[in-house]
$ cat run30.txt   # compact mmCIF, N, CA and C atoms
# COMPACT_ATOMS: atom_id res chain seq x y z
N ASN A 24 13.72 3.18 -144.79
CA ASN A 24 13.32 3.78 -143.53
C ASN A 24 14.55 4.20 -142.73
N THR A 25 15.39 5.03 -143.34
CA THR A 25 16.60 5.48 -142.67
C THR A 25 16.36 6.82 -141.99
N ILE A 26 17.09 7.03 -140.93
CA ILE A 26 17.01 8.29 -140.19
C ILE A 26 18.31 9.03 -140.43
N ASP A 27 18.20 10.27 -140.90
CA ASP A 27 19.39 11.07 -141.13
C ASP A 27 19.93 11.58 -139.80
N ARG A 28 21.23 11.54 -139.69
CA ARG A 28 21.86 12.09 -138.49
C ARG A 28 21.76 13.61 -138.55
N PRO A 29 21.60 14.24 -137.39
CA PRO A 29 21.51 15.70 -137.38
C PRO A 29 22.83 16.32 -137.84
N SER A 30 22.73 17.44 -138.48
CA SER A 30 23.93 18.16 -138.94
C SER A 30 24.68 18.73 -137.74
N ALA A 31 25.91 19.13 -138.00
CA ALA A 31 26.71 19.75 -136.95
C ALA A 31 26.04 21.03 -136.45
N GLU A 32 25.41 21.75 -137.36
CA GLU A 32 24.72 22.98 -136.97
C GLU A 32 23.54 22.67 -136.04
N THR A 33 22.79 21.60 -136.37
CA THR A 33 21.65 21.20 -135.53
C THR A 33 22.13 20.80 -134.14
N LYS A 34 23.21 20.04 -134.09
CA LYS A 34 23.76 19.64 -132.79
C LYS A 34 24.23 20.85 -132.01
N ALA A 35 24.93 21.76 -132.67
CA ALA A 35 25.43 22.97 -132.00
C ALA A 35 24.29 23.77 -131.42
N LEU A 36 23.22 23.95 -132.20
CA LEU A 36 22.08 24.73 -131.71
C LEU A 36 21.32 24.01 -130.61
N THR A 37 21.27 22.69 -130.68
CA THR A 37 20.60 21.90 -129.64
C THR A 37 21.35 22.03 -128.31
N TYR A 38 22.67 21.85 -128.34
CA TYR A 38 23.46 22.00 -127.12
C TYR A 38 23.39 23.43 -126.60
N TYR A 39 23.36 24.38 -127.51
CA TYR A 39 23.24 25.78 -127.13
C TYR A 39 21.91 26.00 -126.41
N GLY A 40 20.85 25.41 -126.95
CA GLY A 40 19.53 25.52 -126.32
C GLY A 40 19.51 24.89 -124.94
N LEU A 41 20.16 23.74 -124.78
CA LEU A 41 20.25 23.11 -123.46
C LEU A 41 21.02 24.00 -122.48
N ALA A 42 22.07 24.63 -122.98
CA ALA A 42 22.83 25.55 -122.14
C ALA A 42 21.95 26.70 -121.67
N GLU A 43 21.13 27.21 -122.57
CA GLU A 43 20.23 28.30 -122.21
C GLU A 43 19.22 27.86 -121.14
N ILE A 44 18.74 26.63 -121.26
CA ILE A 44 17.80 26.10 -120.26
C ILE A 44 18.48 26.05 -118.89
N TYR A 45 19.70 25.52 -118.83
CA TYR A 45 20.40 25.45 -117.56
C TYR A 45 20.76 26.84 -117.04
N ARG A 46 21.05 27.74 -117.94
CA ARG A 46 21.42 29.10 -117.54
C ARG A 46 20.21 29.85 -116.98
N TYR A 47 19.14 29.90 -117.74
CA TYR A 47 17.99 30.70 -117.34
C TYR A 47 16.96 29.94 -116.51
N GLY A 48 16.78 28.66 -116.82
CA GLY A 48 15.75 27.89 -116.13
C GLY A 48 16.16 27.36 -114.78
N TYR A 49 17.41 26.92 -114.68
CA TYR A 49 17.87 26.29 -113.43
C TYR A 49 18.93 27.09 -112.69
N ASN A 50 19.43 28.15 -113.28
CA ASN A 50 20.55 28.91 -112.71
C ASN A 50 21.74 28.01 -112.38
N ASP A 51 21.92 26.98 -113.20
CA ASP A 51 23.04 26.04 -113.03
C ASP A 51 24.10 26.42 -114.06
N PHE A 52 24.98 27.31 -113.66
CA PHE A 52 25.93 27.88 -114.59
C PHE A 52 27.05 26.90 -114.96
N GLU A 53 27.33 25.93 -114.10
CA GLU A 53 28.33 24.92 -114.44
C GLU A 53 27.84 24.03 -115.57
N MET A 54 26.59 23.60 -115.49
CA MET A 54 26.03 22.79 -116.58
C MET A 54 25.88 23.63 -117.84
N ALA A 55 25.49 24.89 -117.68
CA ALA A 55 25.38 25.78 -118.84
C ALA A 55 26.74 25.89 -119.52
N ALA A 56 27.80 26.07 -118.74
CA ALA A 56 29.14 26.17 -119.31
C ALA A 56 29.50 24.90 -120.07
N ALA A 57 29.15 23.75 -119.51
CA ALA A 57 29.46 22.48 -120.17
C ALA A 57 28.72 22.36 -121.51
N TYR A 58 27.45 22.74 -121.52
CA TYR A 58 26.68 22.66 -122.77
C TYR A 58 27.13 23.71 -123.79
N TYR A 59 27.48 24.91 -123.35
CA TYR A 59 28.02 25.91 -124.27
C TYR A 59 29.32 25.38 -124.89
N ASP A 60 30.14 24.77 -124.06
CA ASP A 60 31.40 24.22 -124.54
C ASP A 60 31.15 23.13 -125.58
N THR A 61 30.23 22.22 -125.27
CA THR A 61 29.91 21.14 -126.22
C THR A 61 29.36 21.73 -127.51
N SER A 62 28.53 22.74 -127.40
CA SER A 62 27.97 23.40 -128.58
C SER A 62 29.09 23.99 -129.44
N SER A 63 30.04 24.63 -128.80
CA SER A 63 31.11 25.29 -129.55
C SER A 63 32.06 24.31 -130.22
N ARG A 64 32.03 23.05 -129.81
CA ARG A 64 32.95 22.04 -130.36
C ARG A 64 32.32 21.18 -131.45
N GLN A 65 31.23 21.60 -132.02
CA GLN A 65 30.51 20.78 -133.00
C GLN A 65 30.97 20.95 -134.44
N ASN A 66 32.00 21.70 -134.70
CA ASN A 66 32.51 21.92 -136.06
C ASN A 66 31.42 22.39 -137.01
N ALA A 67 30.55 23.22 -136.50
CA ALA A 67 29.46 23.76 -137.32
C ALA A 67 29.97 24.95 -138.12
N SER A 68 29.42 25.11 -139.30
CA SER A 68 29.76 26.26 -140.14
C SER A 68 29.17 27.52 -139.52
N ILE A 69 30.02 28.48 -139.24
CA ILE A 69 29.58 29.71 -138.59
C ILE A 69 28.59 30.48 -139.47
N GLN A 70 28.68 30.28 -140.79
CA GLN A 70 27.75 30.95 -141.71
C GLN A 70 26.33 30.40 -141.58
N LYS A 71 26.20 29.16 -141.10
CA LYS A 71 24.88 28.54 -140.97
C LYS A 71 24.26 28.71 -139.59
N LEU A 72 24.99 29.38 -138.71
CA LEU A 72 24.49 29.59 -137.35
C LEU A 72 23.96 31.02 -137.20
N PRO A 73 23.07 31.23 -136.24
CA PRO A 73 22.53 32.59 -136.04
C PRO A 73 23.63 33.59 -135.72
N GLU A 74 23.36 34.84 -136.01
CA GLU A 74 24.34 35.90 -135.79
C GLU A 74 24.73 36.02 -134.33
N LYS A 75 23.78 35.78 -133.42
CA LYS A 75 24.03 35.91 -131.98
C LYS A 75 24.70 34.68 -131.36
N TYR A 76 25.00 33.67 -132.18
CA TYR A 76 25.61 32.44 -131.66
C TYR A 76 27.02 32.75 -131.17
N ASN A 77 27.27 32.56 -129.89
CA ASN A 77 28.59 32.83 -129.30
C ASN A 77 28.91 31.80 -128.21
N ALA A 78 28.74 30.54 -128.54
CA ALA A 78 28.90 29.47 -127.56
C ALA A 78 30.31 29.42 -126.97
N GLY A 79 31.32 29.62 -127.78
CA GLY A 79 32.69 29.57 -127.27
C GLY A 79 32.96 30.63 -126.23
N GLU A 80 32.51 31.83 -126.51
CA GLU A 80 32.67 32.95 -125.57
C GLU A 80 31.90 32.69 -124.28
N LEU A 81 30.67 32.20 -124.42
CA LEU A 81 29.85 31.92 -123.23
C LEU A 81 30.42 30.75 -122.42
N ALA A 82 30.96 29.75 -123.11
CA ALA A 82 31.57 28.62 -122.40
C ALA A 82 32.73 29.10 -121.55
N ALA A 83 33.57 29.95 -122.10
CA ALA A 83 34.71 30.47 -121.34
C ALA A 83 34.23 31.33 -120.16
N SER A 84 33.25 32.18 -120.42
CA SER A 84 32.74 33.07 -119.38
C SER A 84 32.10 32.30 -118.24
N PHE A 85 31.20 31.38 -118.57
CA PHE A 85 30.52 30.61 -117.53
C PHE A 85 31.46 29.61 -116.86
N GLY A 86 32.42 29.12 -117.60
CA GLY A 86 33.42 28.23 -117.01
C GLY A 86 34.24 28.95 -115.96
N GLU A 87 34.63 30.19 -116.27
CA GLU A 87 35.38 31.00 -115.31
C GLU A 87 34.51 31.32 -114.10
N TYR A 88 33.25 31.64 -114.35
CA TYR A 88 32.32 31.92 -113.25
C TYR A 88 32.21 30.69 -112.34
N ALA A 89 32.03 29.51 -112.93
CA ALA A 89 31.89 28.28 -112.14
C ALA A 89 33.16 28.02 -111.32
N HIS A 90 34.32 28.28 -111.92
CA HIS A 90 35.58 28.11 -111.20
C HIS A 90 35.65 29.05 -110.00
N LEU A 91 35.32 30.31 -110.23
CA LEU A 91 35.35 31.29 -109.13
C LEU A 91 34.33 30.95 -108.05
N LYS A 92 33.16 30.49 -108.46
CA LYS A 92 32.13 30.11 -107.49
C LYS A 92 32.62 28.95 -106.62
N ASN A 93 33.25 27.96 -107.23
CA ASN A 93 33.78 26.82 -106.47
C ASN A 93 34.90 27.26 -105.53
N GLU A 94 35.75 28.15 -106.00
CA GLU A 94 36.84 28.65 -105.16
C GLU A 94 36.28 29.43 -103.97
N LEU A 95 35.28 30.24 -104.21
CA LEU A 95 34.64 31.01 -103.14
C LEU A 95 33.98 30.08 -102.12
N SER A 96 33.31 29.06 -102.59
CA SER A 96 32.67 28.09 -101.71
C SER A 96 33.71 27.38 -100.84
N TYR A 97 34.82 26.99 -101.45
CA TYR A 97 35.91 26.32 -100.72
C TYR A 97 36.46 27.24 -99.63
N ARG A 98 36.74 28.47 -99.99
CA ARG A 98 37.30 29.42 -99.01
C ARG A 98 36.29 29.73 -97.91
N ASP A 99 35.02 29.80 -98.28
CA ASP A 99 33.98 30.05 -97.30
C ASP A 99 33.91 28.90 -96.28
N SER A 100 34.05 27.67 -96.77
CA SER A 100 34.01 26.53 -95.86
C SER A 100 35.23 26.52 -94.94
N LEU A 101 36.38 26.93 -95.46
CA LEU A 101 37.57 27.03 -94.60
C LEU A 101 37.38 28.09 -93.52
N LEU A 102 36.78 29.19 -93.89
CA LEU A 102 36.50 30.25 -92.92
C LEU A 102 35.54 29.75 -91.84
N TRP A 103 34.52 29.03 -92.26
CA TRP A 103 33.55 28.47 -91.31
C TRP A 103 34.25 27.53 -90.33
N VAL A 104 35.11 26.64 -90.84
CA VAL A 104 35.82 25.69 -89.98
C VAL A 104 36.75 26.44 -89.03
N SER A 105 37.40 27.48 -89.51
CA SER A 105 38.34 28.20 -88.65
C SER A 105 37.66 28.92 -87.50
N ASN A 106 36.37 29.16 -87.60
CA ASN A 106 35.63 29.85 -86.55
C ASN A 106 34.93 28.91 -85.58
N LEU A 107 35.09 27.61 -85.74
CA LEU A 107 34.47 26.66 -84.83
C LEU A 107 35.19 26.63 -83.49
N SER A 108 34.44 26.38 -82.44
CA SER A 108 35.06 26.19 -81.13
C SER A 108 35.82 24.86 -81.15
N GLN A 109 36.75 24.70 -80.23
CA GLN A 109 37.56 23.48 -80.21
C GLN A 109 36.71 22.21 -80.08
N PRO A 110 35.71 22.16 -79.18
CA PRO A 110 34.89 20.94 -79.10
C PRO A 110 34.13 20.65 -80.41
N ARG A 111 33.60 21.70 -81.04
CA ARG A 111 32.88 21.49 -82.32
C ARG A 111 33.84 21.07 -83.42
N LEU A 112 35.06 21.63 -83.42
CA LEU A 112 36.07 21.25 -84.41
C LEU A 112 36.45 19.78 -84.22
N ASP A 113 36.66 19.38 -82.96
CA ASP A 113 36.99 17.97 -82.68
C ASP A 113 35.87 17.05 -83.13
N SER A 114 34.63 17.46 -82.90
CA SER A 114 33.48 16.67 -83.32
C SER A 114 33.43 16.56 -84.85
N LEU A 115 33.68 17.66 -85.54
CA LEU A 115 33.69 17.67 -87.00
C LEU A 115 34.78 16.75 -87.54
N VAL A 116 35.97 16.83 -86.98
CA VAL A 116 37.08 15.99 -87.42
C VAL A 116 36.75 14.52 -87.19
N ALA A 117 36.15 14.20 -86.04
CA ALA A 117 35.76 12.82 -85.76
C ALA A 117 34.72 12.33 -86.76
N GLU A 118 33.76 13.17 -87.10
CA GLU A 118 32.72 12.80 -88.07
C GLU A 118 33.31 12.58 -89.46
N ILE A 119 34.23 13.44 -89.86
CA ILE A 119 34.88 13.29 -91.17
C ILE A 119 35.71 12.02 -91.21
N LYS A 120 36.44 11.73 -90.14
CA LYS A 120 37.22 10.49 -90.07
C LYS A 120 36.30 9.27 -90.18
N LYS A 121 35.19 9.31 -89.45
CA LYS A 121 34.24 8.19 -89.47
C LYS A 121 33.68 7.99 -90.87
N ARG A 122 33.30 9.07 -91.51
CA ARG A 122 32.75 9.01 -92.87
C ARG A 122 33.78 8.46 -93.85
N LYS A 123 35.02 8.92 -93.74
CA LYS A 123 36.09 8.46 -94.63
C LYS A 123 36.39 6.98 -94.41
N LEU A 124 36.41 6.55 -93.15
CA LEU A 124 36.64 5.12 -92.87
C LEU A 124 35.51 4.27 -93.46
N ASN A 125 34.27 4.74 -93.35
CA ASN A 125 33.15 4.02 -93.95
C ASN A 125 33.28 3.94 -95.46
N GLU A 126 33.70 5.03 -96.09
CA GLU A 126 33.90 5.04 -97.54
C GLU A 126 34.99 4.05 -97.94
N LEU A 127 36.10 4.05 -97.18
CA LEU A 127 37.19 3.13 -97.48
C LEU A 127 36.75 1.67 -97.30
N GLU A 128 35.99 1.41 -96.27
CA GLU A 128 35.49 0.05 -96.03
C GLU A 128 34.56 -0.39 -97.16
N GLU A 129 33.70 0.51 -97.59
CA GLU A 129 32.78 0.20 -98.70
C GLU A 129 33.56 -0.06 -99.99
N ALA A 130 34.59 0.75 -100.24
CA ALA A 130 35.42 0.55 -101.43
C ALA A 130 36.15 -0.79 -101.36
N ARG A 131 36.63 -1.14 -100.16
CA ARG A 131 37.32 -2.43 -99.99
C ARG A 131 36.36 -3.58 -100.26
N LYS A 132 35.13 -3.48 -99.75
CA LYS A 132 34.13 -4.52 -99.98
C LYS A 132 33.79 -4.65 -101.46
N ASN A 133 33.64 -3.51 -102.13
CA ASN A 133 33.34 -3.54 -103.57
C ASN A 133 34.48 -4.17 -104.35
N GLN A 134 35.71 -3.83 -103.99
CA GLN A 134 36.86 -4.40 -104.68
C GLN A 134 36.93 -5.91 -104.43
N GLU A 135 36.68 -6.32 -103.19
CA GLU A 135 36.68 -7.75 -102.85
C GLU A 135 35.60 -8.49 -103.63
N GLN A 136 34.42 -7.89 -103.75
CA GLN A 136 33.33 -8.50 -104.50
C GLN A 136 33.69 -8.63 -105.98
N GLN A 137 34.34 -7.60 -106.52
CA GLN A 137 34.75 -7.65 -107.93
C GLN A 137 35.80 -8.72 -108.16
N GLN A 138 36.69 -8.90 -107.20
CA GLN A 138 37.72 -9.92 -107.34
C GLN A 138 37.14 -11.32 -107.24
N ASN A 139 35.99 -11.47 -106.61
CA ASN A 139 35.37 -12.77 -106.46
C ASN A 139 34.37 -13.08 -107.57
N THR A 140 34.39 -12.30 -108.63
CA THR A 140 33.46 -12.51 -109.73
C THR A 140 34.24 -12.83 -110.99
N LEU A 141 33.84 -13.89 -111.64
CA LEU A 141 34.47 -14.32 -112.88
C LEU A 141 33.49 -14.06 -114.01
N VAL A 142 33.95 -13.43 -115.05
CA VAL A 142 33.11 -13.18 -116.21
C VAL A 142 33.64 -14.03 -117.35
N ASN A 143 32.76 -14.87 -117.89
CA ASN A 143 33.10 -15.74 -119.01
C ASN A 143 32.41 -15.20 -120.24
N VAL A 144 33.19 -14.75 -121.20
CA VAL A 144 32.62 -14.17 -122.40
C VAL A 144 32.87 -15.12 -123.56
N SER A 145 31.78 -15.53 -124.20
CA SER A 145 31.91 -16.35 -125.40
C SER A 145 31.21 -15.62 -126.53
N SER A 146 31.27 -16.17 -127.71
CA SER A 146 30.68 -15.48 -128.86
C SER A 146 29.16 -15.41 -128.77
N SER A 147 28.52 -16.27 -127.97
CA SER A 147 27.06 -16.26 -127.93
C SER A 147 26.48 -15.72 -126.63
N THR A 148 27.14 -15.92 -125.48
CA THR A 148 26.57 -15.48 -124.22
C THR A 148 27.64 -14.87 -123.32
N GLU A 149 27.17 -14.17 -122.34
CA GLU A 149 28.04 -13.62 -121.31
C GLU A 149 27.44 -13.99 -119.97
N THR A 150 28.21 -14.69 -119.12
CA THR A 150 27.71 -15.11 -117.82
C THR A 150 28.70 -14.70 -116.75
N ALA A 151 28.20 -14.56 -115.55
CA ALA A 151 29.05 -14.24 -114.41
C ALA A 151 28.72 -15.22 -113.30
N SER A 152 29.76 -15.67 -112.60
CA SER A 152 29.53 -16.56 -111.48
C SER A 152 30.40 -16.12 -110.32
N ASN A 153 29.89 -16.28 -109.10
CA ASN A 153 30.61 -15.89 -107.91
C ASN A 153 31.53 -17.04 -107.51
N THR A 154 32.77 -16.70 -107.13
CA THR A 154 33.73 -17.74 -106.77
C THR A 154 33.82 -17.95 -105.27
N ASN A 155 32.94 -17.31 -104.49
CA ASN A 155 32.80 -17.53 -103.05
C ASN A 155 34.08 -17.33 -102.25
N GLY A 156 34.86 -16.34 -102.55
CA GLY A 156 35.92 -15.92 -101.67
C GLY A 156 37.23 -16.63 -101.78
N ASN A 157 37.33 -17.86 -102.29
CA ASN A 157 38.61 -18.52 -102.31
C ASN A 157 39.33 -18.37 -103.64
N GLY A 158 38.68 -17.74 -104.61
CA GLY A 158 39.36 -17.46 -105.87
C GLY A 158 39.34 -18.61 -106.86
N PHE A 159 38.75 -19.75 -106.51
CA PHE A 159 38.73 -20.87 -107.43
C PHE A 159 37.29 -21.32 -107.62
N LEU A 160 37.01 -21.81 -108.81
CA LEU A 160 35.68 -22.34 -109.08
C LEU A 160 35.62 -23.79 -108.59
N ASN A 161 34.48 -24.16 -108.04
CA ASN A 161 34.28 -25.54 -107.65
C ASN A 161 33.66 -26.27 -108.84
N VAL A 162 34.46 -27.06 -109.54
CA VAL A 162 33.99 -27.71 -110.77
C VAL A 162 33.05 -28.87 -110.48
N ASN A 163 32.98 -29.34 -109.22
CA ASN A 163 32.13 -30.47 -108.89
C ASN A 163 30.73 -30.05 -108.51
N SER A 164 30.46 -28.77 -108.40
CA SER A 164 29.12 -28.36 -107.98
C SER A 164 28.20 -28.20 -109.15
$ encode --input "run30.txt" --output "structure tokens"
Amino acid sequence: NTIDRPSAETKALTYYGLAEIYRYGYNDFEMAAAYYDTSSRQNASIQKLPEKYNAGELAASFGEYAHLKNELSYRDSLLWVSNLSQPRLDSLVAEIKKRKLNELEEARKNQEQQQNTLVNVSSSTETASNTNGNGFLNVNS
């Protein structure tokens, strides 16, 4: 009852099909570019693929499009910020600072939580126990 792994050609065509779905179904050209790229990297025999198969070319084309789209979006946001009035700009800067400080605090808490967790790995089980902030296990509990 063994299952054969799909051939490189099957994988290439599957990724190509997913790229087409993202391209035509979702208009998500970044994901389409990623799937075209993955399709083109499957080491499939070109003789076993359809004549219209051009994943490498499409990956490059859609990848360039995605890059230009991101660059345009970035420049558009800079233009938007440059046109804000001083009070709105100050408000935006304050909001960004607040958001960044919250992110940093959350990252600090996550790091602290990770440092307070001990993972004991043995050949049969894996357990984790919290060390309650002081870094040492209480062996008497």
$ closest_atom_pairs --input "run30.txt" --of "region 68-89 of chain A" --to "region 41-56 of chain A" --cutoff "5 Å" --atoms "only N, CA and C atoms" --output "CSV"
residue,atom,partner,partner_atom,distance
A:Ala82,CA,A:Ala56,CA,4.6
A:Phe85,C,A:Ala56,CA,4.8
A:Gly86,N,A:Ala56,CA,4.7
$ atom_distance --input "run30.txt" --atom1 "atom N of Ser63 (chain A)" --atom2 "CA of Ala78 (chain A)"
5.1 Å
$ select_by_dssp --input "run30.txt" --residues "chain A" --states "alpha helix (DSSP H)" --output "ChimeraX atom specification"
/A:31-43,52-63,78-105,109-138
$ atom_distance --input "run30.txt" --atom1 "CA of Gly79 (chain A)" --atom2 "atom C of Gln65 (chain A)"
11.3 Å
$ atom_distance --input "run30.txt" --atom1 "atom N of Leu115 (chain A)" --atom2 "atom C of Arg98 (chain A)"
17.5 Å
$ residues_around --input "run30.txt" --residues "Ser62 (chain A)" --least-positions-apart "3" --cutoff "7 Å" --atoms "only N, CA and C atoms" --output "ChimeraX atom specification"
/A:34-39,57-59,65-66,78-79
$ select_by_dssp --input "run30.txt" --residues "chain A" --states "strand (DSSP E or B)" --output "PyMOL selection string"
chain A and resi 140-144+149-153
